[in-house]
$ cat start33.txt   # compact mmCIF, C-alpha atoms
# COMPACT_ATOMS: atom_id res chain seq x y z
CA MET A 689 83.30 1.23 -32.59
CA LEU A 690 83.26 1.58 -28.84
CA TYR A 691 81.55 4.94 -29.09
CA LEU A 692 78.87 3.46 -31.34
CA ARG A 693 78.47 0.43 -29.08
CA ASP A 694 77.98 2.54 -26.00
CA ARG A 695 75.96 5.32 -27.60
CA GLY A 696 72.62 3.62 -27.04
CA GLN A 697 71.05 0.68 -25.29
CA THR A 698 70.79 -1.44 -28.42
CA GLU A 699 73.07 -3.53 -30.52
CA VAL A 700 74.61 -1.76 -33.47
CA GLY A 701 76.37 -3.00 -36.59
CA GLY A 702 78.33 -1.93 -39.61
CA PHE A 703 81.11 -2.75 -42.01
CA GLY A 704 84.80 -2.49 -41.33
CA ILE A 705 86.72 -0.48 -43.90
CA ALA A 706 90.09 -2.11 -44.40
CA ALA A 707 93.38 -0.67 -45.52
CA GLY A 708 94.17 -1.37 -49.16
CA ASP A 709 97.49 -2.97 -48.29
CA ASP A 710 96.31 -4.95 -45.26
CA LEU A 711 92.78 -6.24 -45.48
CA LEU A 712 92.62 -7.30 -41.84
CA ARG A 713 93.51 -3.85 -40.58
CA ILE A 714 90.31 -1.91 -40.02
CA GLU A 715 90.74 1.81 -40.51
CA ASP A 716 87.15 2.84 -40.18
CA VAL A 717 83.72 1.50 -39.28
CA GLN A 718 80.75 2.57 -41.36
CA LEU A 719 77.19 2.18 -40.21
CA VAL A 720 74.36 1.58 -42.60
CA ARG A 721 70.74 2.35 -41.86
CA GLN A 722 69.54 -0.28 -39.44
CA THR A 723 66.85 -1.24 -36.98
CA CYS A 724 68.09 -2.34 -33.60
CA THR A 725 66.89 -3.68 -30.28
CA SER A 726 68.89 -4.58 -27.21
CA VAL A 727 69.38 -8.05 -28.66
CA SER A 728 69.31 -7.65 -32.42
CA VAL A 729 70.40 -5.56 -35.37
CA VAL A 730 68.95 -5.70 -38.89
CA PHE A 731 70.51 -3.79 -41.77
CA ASP A 732 68.27 -2.09 -44.29
CA ASP A 733 68.78 -3.76 -47.67
CA GLU A 734 68.61 -0.53 -49.66
CA ALA A 735 71.09 1.07 -47.29
CA VAL A 736 73.52 -1.79 -47.83
CA ALA A 737 73.25 -1.28 -51.60
CA ASP A 738 73.74 2.47 -51.17
CA PHE A 739 76.78 1.76 -49.00
CA PHE A 740 78.30 -0.44 -51.71
CA ASP A 741 77.65 2.23 -54.35
CA ARG A 742 79.17 4.92 -52.19
CA GLN A 743 82.28 2.91 -51.42
CA VAL A 744 82.84 2.07 -55.07
CA ASP A 745 82.43 5.73 -55.97
CA GLU A 746 85.12 6.53 -53.40
CA GLY A 747 87.47 4.16 -55.20
CA ARG A 748 87.46 1.19 -52.84
CA LYS A 749 87.25 -2.43 -53.82
CA PRO A 750 84.62 -4.74 -52.33
CA GLU A 751 87.29 -6.65 -50.43
CA GLN A 752 88.07 -3.44 -48.55
CA PHE A 753 84.54 -2.62 -47.45
CA GLY A 754 82.27 -5.62 -47.81
CA ARG A 755 84.07 -8.40 -46.00
CA ILE A 756 84.27 -7.43 -42.36
CA TRP A 757 80.87 -7.56 -40.75
CA ILE A 758 80.88 -5.94 -37.33
CA HIS A 759 78.19 -5.85 -34.72
CA THR A 760 77.84 -5.58 -30.98
CA HIS A 761 76.31 -7.87 -28.40
CA PRO A 762 74.71 -7.01 -25.10
CA GLY A 763 76.33 -8.31 -21.95
CA ASP A 764 79.69 -10.00 -21.81
CA CYS A 765 79.38 -12.70 -24.43
CA PRO A 766 80.79 -11.95 -27.87
CA ARG A 767 80.25 -15.43 -29.20
CA PRO A 768 78.05 -15.56 -32.31
CA SER A 769 74.43 -16.57 -31.97
CA MET A 770 72.58 -18.87 -34.34
CA THR A 771 71.28 -15.81 -36.17
CA ASP A 772 74.82 -14.51 -36.55
CA GLU A 773 76.02 -17.82 -37.94
CA GLU A 774 73.12 -18.04 -40.36
CA THR A 775 73.76 -14.54 -41.66
CA PHE A 776 77.49 -15.08 -41.94
CA ALA A 777 77.06 -18.27 -43.94
CA ARG A 778 74.31 -16.95 -46.21
CA VAL A 779 75.63 -13.46 -46.86
CA PHE A 780 79.37 -13.89 -46.70
CA GLY A 781 79.73 -17.57 -47.54
CA ARG A 782 80.15 -16.91 -51.26
CA ALA A 783 82.96 -14.41 -50.84
CA ASP A 784 86.53 -15.66 -50.96
CA TRP A 785 86.94 -14.62 -47.38
CA ALA A 786 85.08 -12.71 -44.70
CA VAL A 787 85.34 -11.80 -41.05
CA MET A 788 82.62 -11.83 -38.43
CA PHE A 789 83.66 -9.42 -35.73
CA ILE A 790 81.60 -9.06 -32.56
CA VAL A 791 82.21 -6.60 -29.77
CA ALA A 792 80.36 -7.29 -26.54
CA ARG A 793 79.21 -4.45 -24.35
CA GLY A 794 81.42 -5.84 -21.60
CA GLY A 795 84.50 -5.34 -23.76
CA GLN A 796 85.06 -8.89 -24.97
CA THR A 797 85.62 -9.44 -28.67
CA TYR A 798 85.31 -12.27 -31.12
CA ALA A 799 86.71 -12.22 -34.65
CA ARG A 800 86.55 -15.15 -37.00
CA LEU A 801 88.14 -15.24 -40.41
CA GLN A 802 86.40 -17.56 -42.83
CA LEU A 803 88.31 -18.62 -45.94
CA ASN A 804 85.97 -19.96 -48.59
CA VAL A 805 88.45 -20.76 -51.34
CA GLY A 806 90.31 -24.01 -51.83
CA PRO A 807 89.79 -26.39 -48.95
CA GLY A 808 88.49 -23.51 -46.85
CA ALA A 809 89.46 -22.69 -43.31
CA THR A 810 88.14 -21.02 -40.21
CA LEU A 811 90.40 -19.05 -37.94
CA VAL A 812 89.59 -17.16 -34.78
CA VAL A 813 91.88 -14.18 -35.08
CA PRO A 814 93.19 -11.98 -32.30
CA VAL A 815 91.95 -8.42 -32.07
CA SER A 816 94.07 -5.49 -31.03
CA VAL A 817 94.31 -1.77 -31.53
CA ASP A 818 97.24 -0.93 -33.76
CA PHE A 819 98.97 2.09 -32.34
CA GLU A 820 101.95 1.75 -34.65
CA ARG A 821 100.13 3.31 -37.59
CA PRO A 822 99.00 6.91 -37.74
CA PHE A 823 95.35 7.49 -36.98
CA GLU A 824 92.99 10.41 -36.91
CA ALA A 825 91.87 12.16 -33.81
CA SER A 826 88.57 11.42 -32.13
CA GLN A 827 85.61 12.57 -34.19
CA MET A 828 82.77 12.30 -31.74
CA GLN A 829 80.61 14.83 -33.50
CA SER A 830 80.67 12.97 -36.81
CA TRP A 831 80.24 9.63 -35.04
CA GLU A 832 77.18 11.03 -33.31
CA GLN A 833 75.77 12.25 -36.62
CA GLU A 834 76.42 8.89 -38.20
CA TYR A 835 74.73 7.10 -35.33
CA CYS A 836 71.67 9.33 -35.36
CA ALA A 837 71.35 9.12 -39.13
CA ASN A 838 71.47 5.35 -39.27
CA VAL A 839 70.27 3.72 -36.09
CA THR A 840 66.60 3.26 -35.34
CA ALA A 841 66.16 1.81 -31.90
CA LEU A 842 63.11 -0.28 -31.17
CA ALA A 843 61.87 -1.48 -27.84
CA SER A 844 63.11 -4.96 -27.11
CA PRO A 845 60.66 -7.75 -27.81
CA ARG A 846 58.85 -8.81 -24.69
CA LEU A 847 58.60 -12.40 -23.66
CA THR A 848 54.83 -12.17 -23.83
CA GLU A 849 55.01 -11.14 -27.49
CA ARG A 850 57.15 -14.15 -28.21
CA SER A 851 54.67 -16.28 -26.28
CA ASP A 852 51.87 -14.94 -28.42
CA GLU A 853 53.80 -15.91 -31.54
CA LEU A 854 54.18 -19.42 -30.21
CA GLY A 855 50.53 -19.65 -29.28
CA PHE A 856 51.03 -19.79 -25.55
CA VAL A 857 48.15 -18.64 -23.43
CA GLU A 858 49.24 -16.10 -20.91
CA PRO A 859 47.57 -16.58 -17.53
CA ASP A 860 45.61 -13.74 -16.01
CA LEU A 861 48.03 -11.63 -14.09
CA ILE A 862 46.92 -9.87 -10.93
CA ASP A 863 48.94 -7.17 -9.35
CA PRO A 864 48.83 -8.08 -5.65
CA PHE A 865 49.38 -4.49 -4.70
CA GLU A 866 46.36 -3.17 -6.50
CA PRO A 867 43.92 -1.92 -3.86
CA ASP A 868 41.06 -3.93 -5.30
CA ALA A 869 42.98 -7.15 -5.63
CA ALA A 870 40.44 -9.67 -4.44
CA TRP A 871 42.71 -11.73 -2.26
CA THR A 872 44.30 -8.86 -0.36
CA ASP A 873 41.86 -8.16 2.43
CA ASP A 874 40.67 -11.67 3.03
CA ALA A 875 44.05 -13.28 2.93
CA TRP A 876 45.79 -10.82 5.16
CA GLN A 877 42.88 -10.57 7.54
CA ALA A 878 42.70 -14.32 7.90
CA TYR A 879 46.40 -14.45 8.44
CA LEU A 880 46.35 -11.80 11.14
CA ASN A 881 43.33 -13.30 12.86
CA GLU A 882 45.00 -16.65 13.34
CA ASP A 883 45.38 -17.72 16.95
CA LEU A 884 48.83 -16.89 18.05
CA ASP A 885 50.92 -19.30 20.01
CA PRO A 886 50.03 -18.47 23.64
CA LEU A 887 53.55 -19.30 24.78
CA CYS A 888 55.12 -16.78 22.62
CA GLU A 889 52.80 -14.05 21.63
CA ARG A 890 54.43 -12.89 18.58
CA LEU A 891 53.36 -12.54 15.08
CA PRO A 892 54.17 -15.49 12.89
CA TYR A 893 56.35 -13.47 10.61
CA GLU A 894 58.69 -12.78 13.48
CA ILE A 895 59.52 -16.46 13.90
CA MET B 560 78.61 -2.74 -74.58
CA LYS B 561 80.10 -1.78 -71.22
CA ILE B 562 78.35 -1.64 -67.91
CA LEU B 563 79.59 -1.10 -64.36
CA PHE B 564 79.13 -4.26 -62.33
CA ILE B 565 79.32 -4.39 -58.53
CA ASN B 566 79.28 -7.64 -56.62
CA ASN B 567 80.77 -8.94 -53.38
CA ASP B 568 80.91 -12.64 -54.20
CA GLY B 569 84.14 -14.45 -54.93
CA GLY B 570 86.98 -11.99 -55.00
CA GLY B 571 84.54 -9.11 -55.19
CA PHE B 572 84.03 -7.02 -58.24
CA ALA B 573 83.48 -3.36 -58.97
CA ASP B 574 84.52 -2.62 -62.50
CA HIS B 575 83.33 -2.25 -66.06
CA ILE B 576 82.50 -5.38 -67.95
CA ASP B 577 81.44 -6.13 -71.49
CA VAL B 578 78.02 -7.65 -72.00
CA ASP B 579 76.05 -8.49 -75.09
CA PRO B 580 73.35 -6.09 -76.21
CA GLN B 581 69.90 -7.05 -74.95
CA THR B 582 71.40 -8.75 -71.90
CA THR B 583 68.82 -8.90 -69.16
CA VAL B 584 69.36 -8.72 -65.41
CA ALA B 585 68.43 -12.39 -65.08
CA LYS B 586 70.93 -13.42 -67.73
CA LEU B 587 73.75 -11.46 -66.13
CA PHE B 588 72.87 -12.91 -62.74
CA GLU B 589 73.04 -16.38 -64.17
CA GLN B 590 76.40 -15.66 -65.77
CA ARG B 591 77.98 -14.02 -62.77
CA ILE B 592 76.42 -15.63 -59.70
CA ASP B 593 76.95 -19.27 -60.26
CA GLY B 594 74.58 -21.24 -58.08
CA GLY B 595 73.35 -18.19 -56.21
CA LYS B 596 69.74 -17.49 -55.33
CA ALA B 597 68.26 -14.24 -56.58
CA GLN B 598 66.30 -13.81 -53.36
CA ASP B 599 69.57 -13.49 -51.45
CA TYR B 600 70.44 -10.29 -53.32
CA LEU B 601 69.11 -6.85 -53.84
CA ILE B 602 69.55 -6.28 -57.56
CA ARG B 603 69.66 -2.67 -58.63
CA VAL B 604 70.22 -1.00 -61.95
CA ASN B 605 71.32 2.62 -61.76
CA ARG B 606 70.62 2.52 -58.01
CA GLN B 607 67.02 1.43 -58.45
CA PRO B 608 65.63 -2.06 -57.81
CA ALA B 609 65.33 -3.90 -61.10
CA ALA B 610 63.19 -6.74 -62.37
CA ALA B 611 64.69 -9.90 -63.80
CA ASP B 612 63.62 -9.04 -67.33
CA CYS B 613 65.10 -5.54 -67.24
CA VAL B 614 67.33 -5.07 -70.30
CA LEU B 615 70.71 -3.53 -69.63
CA HIS B 616 72.01 -0.58 -71.61
CA GLU B 617 75.40 0.89 -72.33
CA GLY B 618 76.79 2.65 -69.26
CA ASP B 619 74.35 1.10 -66.78
CA ARG B 620 75.46 0.41 -63.24
CA ILE B 621 74.23 -2.89 -61.86
CA SER B 622 74.82 -4.17 -58.36
CA PHE B 623 74.10 -7.45 -56.63
CA THR B 624 74.27 -6.77 -52.91
CA PRO B 625 73.39 -8.96 -49.96
CA VAL B 626 70.07 -8.75 -48.16
CA LYS B 627 68.84 -9.57 -44.70
CA ILE B 628 72.04 -8.92 -42.85
CA GLU B 629 71.04 -9.40 -39.25
CA GLY B 630 72.72 -10.22 -36.02
CA ALA B 631 71.43 -11.16 -32.62
CA GLY B 632 72.93 -11.50 -29.22
CA ASP B 633 71.86 -14.21 -26.84
CA ARG B 634 69.19 -13.07 -24.44

$ encode --input "start33.txt" --output "structure tokens"
Amino acid sequence: MLYLRDRGQTEVGGFGIAAGDDLLRIEDVQLVRQTCTSVSVVFDDEAVADFFDRQVDEGRKPEQFGRIWIHTHPGDCPRPSMTDEETFARVFGRADWAVMFIVARGGQTYARLQLNVGPGATLVVPVSVDFERPFEASQMQSWEQEYCANVTALASPRLTERSDELGFVEPDLIDPFEPDAAWTDDAWQAYLNEDLDPLCERLPYEI
Amino acid sequence: MKILFINNDGGGFADHIDVDPQTTVAKLFEQRIDGGKAQDYLIRVNRQPAAADCVLHEGDRISFTPVKIEGAGDR
């Protein structure tokens, strides 16, 4: 997961594959085809369906592969956003249980177990690497292939694009360092031509 | 007749079930996804998106999988 998180400049997401005898022990992370920016990740619906088909064909039950939703966050904050909460409720709210697991780029983690049966319950669960069980060696080459096959990185949305969506009118922007910027000559010339204090002949900016 | 049914709701399901002949996708959805909204699922029969009135046949594989899974970090 850390390799995938740090592989690019965008968020990335996938499903945790749990052990058959311990559903909160993640043995693997599988990406699905997704479109990502530095602040978002969107799974491709067909790819999710293909992932389910593939996992079933490999003999796993949905509770092993479809309950632990993992994604990364930029920066240091792993706490779920409104979008995360909306997705978790809508997509995983009808399962008996599910986990939202977020890994921030700064290393912080957040894992919340949601129990949807009976009276229901929400538990923030600790996250740790289990070194007591056997695990495979690093597989960077296959991780790289998986990343390249599934992750489409888009440029992050600019604030101006968001402003356009909201109907804001962006003011005319002038680069003050453009040689033909209208104010440059006049403003600086006027500034430099100001009468200097005769008692201390120094340029104003030295004050 | 038997079909393979895949679904993540409830306890999750990926097994063969018996359905009546002439069962449509819509009818199975109604039977299996109590209170769910069809727009929240990608419904596929034999790995292809299927219409509500698609009639199921012996040996078909039908899956109801979630759509619009998206996350976002705070800017």

$ interface_residues --input "start33.txt" --of "chain A" --to "chain B" --cutoff "7 Å" --atoms "only C-alpha atoms" --output "PDB file with C-alpha atoms, in the coordinates of the input"
ATOM      1  CA  VAL A 727      69.380  -8.050 -28.660  1.00  0.00           C
ATOM      2  CA  SER A 728      69.310  -7.650 -32.420  1.00  0.00           C
ATOM      3  CA  VAL A 729      70.400  -5.560 -35.370  1.00  0.00           C
ATOM      4  CA  VAL A 730      68.950  -5.700 -38.890  1.00  0.00           C
ATOM      5  CA  PHE A 731      70.510  -3.790 -41.770  1.00  0.00           C
ATOM      6  CA  ASP A 733      68.780  -3.760 -47.670  1.00  0.00           C
ATOM      7  CA  ALA A 737      73.250  -1.280 -51.600  1.00  0.00           C
ATOM      8  CA  VAL A 744      82.840   2.070 -55.070  1.00  0.00           C
ATOM      9  CA  LYS A 749      87.250  -2.430 -53.820  1.00  0.00           C
ATOM     10  CA  PRO A 750      84.620  -4.740 -52.330  1.00  0.00           C
ATOM     11  CA  GLU A 751      87.290  -6.650 -50.430  1.00  0.00           C
ATOM     12  CA  GLY A 754      82.270  -5.620 -47.810  1.00  0.00           C
ATOM     13  CA  HIS A 761      76.310  -7.870 -28.400  1.00  0.00           C
ATOM     14  CA  PRO A 762      74.710  -7.010 -25.100  1.00  0.00           C
ATOM     15  CA  SER A 769      74.430 -16.570 -31.970  1.00  0.00           C
ATOM     16  CA  THR A 771      71.280 -15.810 -36.170  1.00  0.00           C
ATOM     17  CA  ASP A 772      74.820 -14.510 -36.550  1.00  0.00           C
ATOM     18  CA  THR A 775      73.760 -14.540 -41.660  1.00  0.00           C
ATOM     19  CA  VAL A 779      75.630 -13.460 -46.860  1.00  0.00           C
ATOM     20  CA  ARG A 782      80.150 -16.910 -51.260  1.00  0.00           C
ATOM     21  CA  ALA A 783      82.960 -14.410 -50.840  1.00  0.00           C
ATOM     22  CA  ASP A 784      86.530 -15.660 -50.960  1.00  0.00           C
TER      23      ASP A 784
END

$ closest_residue --input "start33.txt" --among "B:Ala609, B:Lys596, B:Val604, B:Lys561" --to "Asp579 (chain B)" --atoms "only C-alpha atoms"
B:Lys561

$ atom_distance --input "start33.txt" --atom1 "CA of Val614 (chain B)" --atom2 "CA of His575 (chain B)"
16.8 Å

$ atom_distance --input "start33.txt" --atom1 "CA of Gln581 (chain B)" --atom2 "CA of Met560 (chain B)"
9.7 Å

$ atom_distance --input "start33.txt" --atom1 "CA of Gly708 (chain A)" --atom2 "CA of Phe776 (chain A)"
22.8 Å

$ residues_around --input "start33.txt" --residues "Ile576 (chain B)" --least-positions-apart "4" --cutoff "8 Å" --atoms "all atoms listed in the file" --output "PyMOL selection string"
chain B and resi 561-564

$ residues_around --input "start33.txt" --residues "region 807-815 of chain A" --least-positions-apart "5" --cutoff "10 Å" --atoms "only C-alpha atoms" --output "list in words"
Leu712, Arg713, Asp784, Trp785, Ala786, Val787, Met788, Phe789, Gln796, Thr797, Tyr798, Ala799, Arg800, Leu801 and Gln802 of chain A

$ decode --input "start33.txt" --residues "region 571-587 of chain B" --atoms "N, CA, C and O atoms" --output "CSV table (one decimal), in the first residue's frame"
chain,number,residue,atom,x,y,z
B,571,GLY,N,-23.0,-10.8,2.0
B,571,GLY,CA,-22.3,-11.0,0.8
B,571,GLY,C,-22.7,-12.4,0.2
B,571,GLY,O,-23.1,-13.3,1.0
B,572,PHE,N,-22.7,-12.4,-1.1
B,572,PHE,CA,-23.2,-13.7,-1.7
B,572,PHE,C,-22.4,-13.9,-3.0
B,572,PHE,O,-22.3,-13.0,-3.8
B,573,ALA,N,-22.0,-15.1,-3.2
B,573,ALA,CA,-21.4,-15.5,-4.4
B,573,ALA,C,-21.6,-17.0,-4.6
B,573,ALA,O,-20.7,-17.8,-4.3
B,574,ASP,N,-22.7,-17.4,-5.0
B,574,ASP,CA,-23.1,-18.8,-5.1
B,574,ASP,C,-24.2,-19.0,-6.0
B,574,ASP,O,-24.8,-18.1,-6.5
B,575,HIS,N,-24.5,-20.3,-6.3
B,575,HIS,CA,-25.6,-20.6,-7.2
B,575,HIS,C,-26.9,-20.6,-6.4
B,575,HIS,O,-27.0,-21.0,-5.3
B,576,ILE,N,-27.9,-20.0,-7.1
B,576,ILE,CA,-29.2,-20.0,-6.5
B,576,ILE,C,-30.2,-20.5,-7.5
B,576,ILE,O,-30.0,-20.5,-8.7
B,577,ASP,N,-31.4,-20.9,-7.0
B,577,ASP,CA,-32.5,-21.3,-7.8
B,577,ASP,C,-33.4,-20.2,-8.1
B,577,ASP,O,-33.8,-19.5,-7.2
B,578,VAL,N,-33.7,-20.0,-9.3
B,578,VAL,CA,-34.7,-19.0,-9.7
B,578,VAL,C,-35.8,-19.6,-10.6
B,578,VAL,O,-35.5,-20.6,-11.3
B,579,ASP,N,-36.9,-19.0,-10.6
B,579,ASP,CA,-38.0,-19.5,-11.5
B,579,ASP,C,-37.6,-19.2,-13.0
B,579,ASP,O,-37.0,-18.1,-13.3
B,580,PRO,N,-38.0,-20.0,-13.9
B,580,PRO,CA,-37.9,-19.7,-15.3
B,580,PRO,C,-38.5,-18.4,-15.6
B,580,PRO,O,-39.5,-18.0,-15.0
B,581,GLN,N,-38.0,-17.7,-16.6
B,581,GLN,CA,-38.5,-16.4,-17.0
B,581,GLN,C,-38.3,-15.3,-16.0
B,581,GLN,O,-38.9,-14.2,-16.1
B,582,THR,N,-37.5,-15.5,-15.0
B,582,THR,CA,-37.2,-14.5,-14.0
B,582,THR,C,-36.4,-13.4,-14.7
B,582,THR,O,-35.4,-13.7,-15.5
B,583,THR,N,-36.8,-12.2,-14.5
B,583,THR,CA,-36.0,-11.0,-15.1
B,583,THR,C,-35.0,-10.5,-14.1
B,583,THR,O,-35.1,-10.7,-12.9
B,584,VAL,N,-34.1,-9.6,-14.7
B,584,VAL,CA,-33.2,-9.0,-13.8
B,584,VAL,C,-33.9,-8.1,-12.8
B,584,VAL,O,-33.5,-8.1,-11.6
B,585,ALA,N,-34.9,-7.4,-13.2
B,585,ALA,CA,-35.6,-6.5,-12.3
B,585,ALA,C,-36.3,-7.3,-11.2
B,585,ALA,O,-36.3,-6.9,-10.0
B,586,LYS,N,-36.8,-8.5,-11.5
B,586,LYS,CA,-37.5,-9.3,-10.5
B,586,LYS,C,-36.5,-9.8,-9.5
B,586,LYS,O,-36.7,-9.8,-8.3
B,587,LEU,N,-35.3,-10.3,-10.0
B,587,LEU,CA,-34.3,-10.8,-9.1
B,587,LEU,C,-33.8,-9.7,-8.2
B,587,LEU,O,-33.6,-9.9,-7.0
